[in-house]
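*Asks:* Before we start, here is the structure in question, set down as structure tokens.
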Amino acid sequence: MRKIDVHPIIDNACFSGFHWLVMCLCALLLIFDGYDLFIYGVVLPVIMQEWGLTPLQAGALGSYALFGMMFGALIFGTLADRIGRKKGIAICFLLFSTATVLNGFASTPTEFGIFRFLAGLGCGGLMPNVVALMNEYAPKKLRSTLVAIMFSGYSLGGMFSAGLGIYMLPRFGWEAMFFAAAVPLLLLPVILWKLPESVGFLVRQGRTDQARKLLNQIDPNLVLGASDELVITEVKGKGASVMELFRNGRAVRTISIWVAFFCCLLMVYALGSWLPKLMANAGYSLGSSLSFLVALNLGGMFGAILGGWLGDRFNLAKVVVAFFAVSVASISLLGFKTPMPVLYTLITIAGATVIGTQILLYASAAQFYGLSIRSTGLGWASGIGRNGAIVGPLLGGALLGINLPLQLNFIAFAIPGVIAALAMTVFAVSGQRSSDAAPAGLSAAKA
């Protein structure tokens with residue numbers, strides 16, 4: 001009887017139709033997720049006028065979904081390590097799609113906020129689980145690239161949300177934007193049918209027949225005998241507790257990546273929520289203001305793919321640091337008067353290095369944490385980051401409320417990028433020290 005380790009099979013597999021299917025399904029889920037998350041920034045100028053909201057009230061209302069996302073990431077990230085990622089993903093998808101449709105029926109800010117919180121629970125739980133699933137199945141040499149391509153669906157959803165808003169808001173009102181979320185629910189049976197379960201979860205649960213079928217799809221040339229035993233060589237943590245994220249020299253890098261997540265998501269949701277309103281206040285029409293949101297997400301899509309490609313060829317943490325540095329420069333320049341082509345270029349670069357960097361942070365966390373704690377690590381990093389996401393709309397509302405000049409608003413949005421760049425520098429340096437210490441420790445052990 002042979003013991004077959006599943007990791008080398010997946011790591012060394014050639015890209016196939018199976019990987020293509022997983023990537024497309026996960027990207028499709030994130031398109032719906034991105035649509036739901038960016039929809040608030042699209043309808044914000046309209047509902048502020050209809051309900052007479054102050055900037056601070058509007059910022060607080062925008063934070064309801066993000067507050068839900070924080071809990072969703074913490075709850076569903078850890079829960080998926082116990083019930084399986086496929087079930088966790090399906091529950092999250094059903095939750096945020098249904099709650100988004102119900103948002104269209106809201107008649108008061110309170111009702112609107114409750115439904116946004118429920119939608120946020122699902123959105124927050126979906127992200128870390130689809131990243132963990134894609135990261136598990138991607139061949140090692142293509143891992144960052146495939147995760148980034150998959151996550152570009154998030155930006156595509158934001159583009160679709162803004163593009164649909166340009167057409168639908170003047171004709172059908174803001175409610176129609178939420179009713180459109182009923183369409184993705186029709187695809188739930190396809191997700192349940194085609195999305196594979198985590199092979200590591202199946203092996204740990206003793207469901208070896210299902211694990212064998214998945215491994216044969218990953219590598220059709222693989223020959224497994226009836227007596228062969230599937231194993232995972234990685235030592236399993238104690239119940240995937242959050243304390244596992246700080247053991248074995250992971251403490252400094254865990255804290256560093258949490259800080260980076262916090263700052264990055266603050267910038268993502270500050271820009272996503274307030275960019276159309278800021279530009280409308282600067283004298284641009286609603287249609288033009290929403291087109292800036294399209295440019296922001298278009299940049300996010302290309303930035304994620306470029307960053308993933310660079311991450312597979314260079315040190316991923318160093319790529320993240322470089323992206324944060326560029327984001328600081330591009331966001332700071334948005335508040336100055338520039339020709340329209342230059343303005344669109346700056347917004348696209350800002351999207352590439354803010355939304356794109358968020359995606360690279362997920363890839364960094366997925367590669368840093370081992371399989372047995374990956375969903376927990378991603379869930380907690382994402383959950384901590386949601387605190388930054390909650391602060392983002394509130395910060396934008398507070399800045400608009402005190403009538404700062406446009407330039408100072410954007411400079412304030414760029415400051416977290418400086419902090420995030422410093423945190424990821426510490427992450428990269430700590431990782432280098434750990435790798436340098438390993439050979440020394442090995443030599444000492446031999447001596």
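In the structure tokens, chains take letters A, B, ... by order of appearance, with residues numbered from 1 within each chain and ligands from 1 in the order shown.
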Could you give me, as a PyMOL selection string, the residues within 9 Å of A:Gly153, counting only C-alpha atoms and dropping anything in the same chain fewer than 2 positions from it?

*Replies:* chain A and resi 24+26-34+149-151+155-158+301

*Asks:* With stretch 45-53 of chain A as the partner and 12 Å as the cut-off, tabulate the residues of stretch 236-314 of chain A that qualify, each row holding the nearest pair of atoms and their distance in Å to one decimal, using only C-alpha atoms, sorted by chain and rising number, as CSV.

*Replies:*
residue,atom,partner,partner_atom,distance
A:Ser273,CA,A:Pro45,CA,9.9
A:Trp274,CA,A:Pro45,CA,9.1
A:Leu275,CA,A:Pro45,CA,10.4
A:Pro276,CA,A:Pro45,CA,7.6
A:Lys277,CA,A:Pro45,CA,6.0
A:Leu278,CA,A:Pro45,CA,9.7
A:Met279,CA,A:Pro45,CA,10.7
A:Ala280,CA,A:Pro45,CA,8.4
A:Asn281,CA,A:Pro45,CA,10.0
A:Ser285,CA,A:Pro45,CA,11.0
A:Leu286,CA,A:Pro45,CA,8.1
A:Gly287,CA,A:Pro45,CA,11.2
A:Ser289,CA,A:Pro45,CA,10.0
A:Leu290,CA,A:Pro45,CA,10.1

*Asks:* Using only C-alpha atoms, which residues of stretch 246-353 of chain A come within 10 Å of stretch 410-426 of chain A, and what is the closest atom pair for each, with the distance in Å to one decimal? Give it as CSV, sorted by chain and residue number.

*Replies:*
residue,atom,partner,partner_atom,distance
A:Val252,CA,A:Val426,CA,8.1
A:Arg253,CA,A:Val426,CA,7.5
A:Ile255,CA,A:Ala423,CA,8.5
A:Ser256,CA,A:Ala423,CA,5.0
A:Ile257,CA,A:Met424,CA,6.6
A:Trp258,CA,A:Ala423,CA,8.8
A:Val259,CA,A:Ala423,CA,6.4
A:Ala260,CA,A:Ala420,CA,4.4
A:Phe261,CA,A:Ala420,CA,7.8
A:Phe262,CA,A:Ala420,CA,8.2
A:Cys263,CA,A:Pro416,CA,5.0
A:Cys264,CA,A:Gly417,CA,6.7
A:Leu265,CA,A:Pro416,CA,9.5
A:Leu266,CA,A:Pro416,CA,7.5
A:Met267,CA,A:Phe413,CA,6.0
A:Val268,CA,A:Phe413,CA,9.3
A:Ala270,CA,A:Phe413,CA,7.1
A:Leu271,CA,A:Phe413,CA,7.8
A:Leu275,CA,A:Phe410,CA,9.6
A:Leu278,CA,A:Phe410,CA,9.5
A:Ala317,CA,A:Met424,CA,6.4
A:Lys318,CA,A:Thr425,CA,7.2
A:Val319,CA,A:Met424,CA,9.7
A:Val320,CA,A:Met424,CA,7.2
A:Val321,CA,A:Ala421,CA,4.9
A:Ala322,CA,A:Ala421,CA,7.7
A:Phe323,CA,A:Ala421,CA,8.4
A:Phe324,CA,A:Ala421,CA,5.5
A:Ala325,CA,A:Ala421,CA,6.5
A:Val326,CA,A:Gly417,CA,9.0
A:Ser327,CA,A:Gly417,CA,6.8
A:Val328,CA,A:Ala414,CA,4.9
A:Ala329,CA,A:Ala414,CA,7.7
A:Ser330,CA,A:Ala414,CA,8.5
A:Ile331,CA,A:Ala414,CA,5.8
A:Ser332,CA,A:Ile411,CA,4.7
A:Leu333,CA,A:Phe410,CA,7.7
A:Leu334,CA,A:Phe410,CA,6.5
A:Gly335,CA,A:Phe410,CA,5.9
A:Phe336,CA,A:Phe410,CA,9.4
A:Ala350,CA,A:Ala414,CA,9.9
A:Thr353,CA,A:Gly417,CA,9.8

*Asks:* Please identify all polymer residues within 6 Å of A:Ala99, counting only C-alpha atoms, omitting same-chain residues fewer than 4 positions from it, and present them as a PyMOL selection string.

*Replies:* chain A and resi 115+118-119

*Asks:* Quick one: which stretch 14-68 of chain A residues come within 9 Å of stretch 192-197 of chain A, and what is the nearest atom pair for each with the distance in Å to one decimal, counting only C-alpha atoms, rows ordered by chain and ascending number, as a Markdown table?

*Replies:*
| residue | atom | partner | partner_atom | distance |
| --- | --- | --- | --- | --- |
| A:Leu21 | CA | A:Leu195 | CA | 8.1 |
| A:Val22 | CA | A:Leu195 | CA | 6.6 |
| A:Leu25 | CA | A:Leu195 | CA | 6.9 |
| A:Cys26 | CA | A:Leu195 | CA | 8.3 |

*Asks:* Kindly indicate which residue among A:Ala428, A:Leu188, A:Ile166, A:Ala381 lies nearest to A:Met70, using only C-alpha atoms for the distances.

*Replies:*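 Using only C-alpha atoms, the shortest distance to A:Met70 belongs to A:Ala381.
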
*Asks:* Out of A:Phe172, A:Phe314, A:Trp309, A:Tyr362, which residue has the shortest atom-to-atom distance to A:Asn129 when counting only C-alpha atoms?

*Replies:*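 Selected residue with least distance to A:Asn129: A:Tyr362.
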
*Asks:* As a VMD selection string, list the residues of stretch 46-202 of chain A assigned to alpha helix (DSSP H) by DSSP on the backbone atoms of this structure.

*Replies:* chain A and resid 46 to 51 55 to 83 85 to 103 109 to 137 143 to 172 175 to 179 182 to 185 188 to 194 199 to 202

*Asks:* Using only C-alpha atoms, which residue out of A:Gly206, A:Pro184, A:Gly200, A:Pro128 lies closest to A:Ala366?

*Replies:*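 Using only C-alpha atoms, the shortest distance to A:Ala366 belongs to A:Pro128.
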
*Asks:* Taking 4 positions as the minimum chain separation for residues in the same chain, which residues sit within 10 Å of A:Thr208 when counting only C-alpha atoms? Answer as number ranges by chain.

*Replies:* A: 199, 202-204, 212-214, 229-231

*Asks:* Selected residues, C-alpha atoms, written as a PDB file, in the first residue's frame, please.

*Replies:*
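New file out_21.pdb:
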ATOM      1  CA  VAL A 199      -9.578  18.026  -1.737  1.00  0.00           C
ATOM      2  CA  LEU A 202     -12.232  15.560   1.714  1.00  0.00           C
ATOM      3  CA  VAL A 203      -9.058  13.726   2.745  1.00  0.00           C
ATOM      4  CA  ARG A 204      -9.332  14.931   6.353  1.00  0.00           C
ATOM      5  CA  ARG A 212      -9.606  10.373  -5.864  1.00  0.00           C
ATOM      6  CA  LYS A 213     -12.041  11.553  -8.528  1.00  0.00           C
ATOM      7  CA  LEU A 214     -10.900  15.156  -8.092  1.00  0.00           C
ATOM      8  CA  GLU A 229      -3.846   5.906   0.861  1.00  0.00           C
ATOM      9  CA  LEU A 230      -4.212   9.649   0.308  1.00  0.00           C
ATOM     10  CA  VAL A 231      -2.421  11.773   2.898  1.00  0.00           C
TER      11      VAL A 231
END
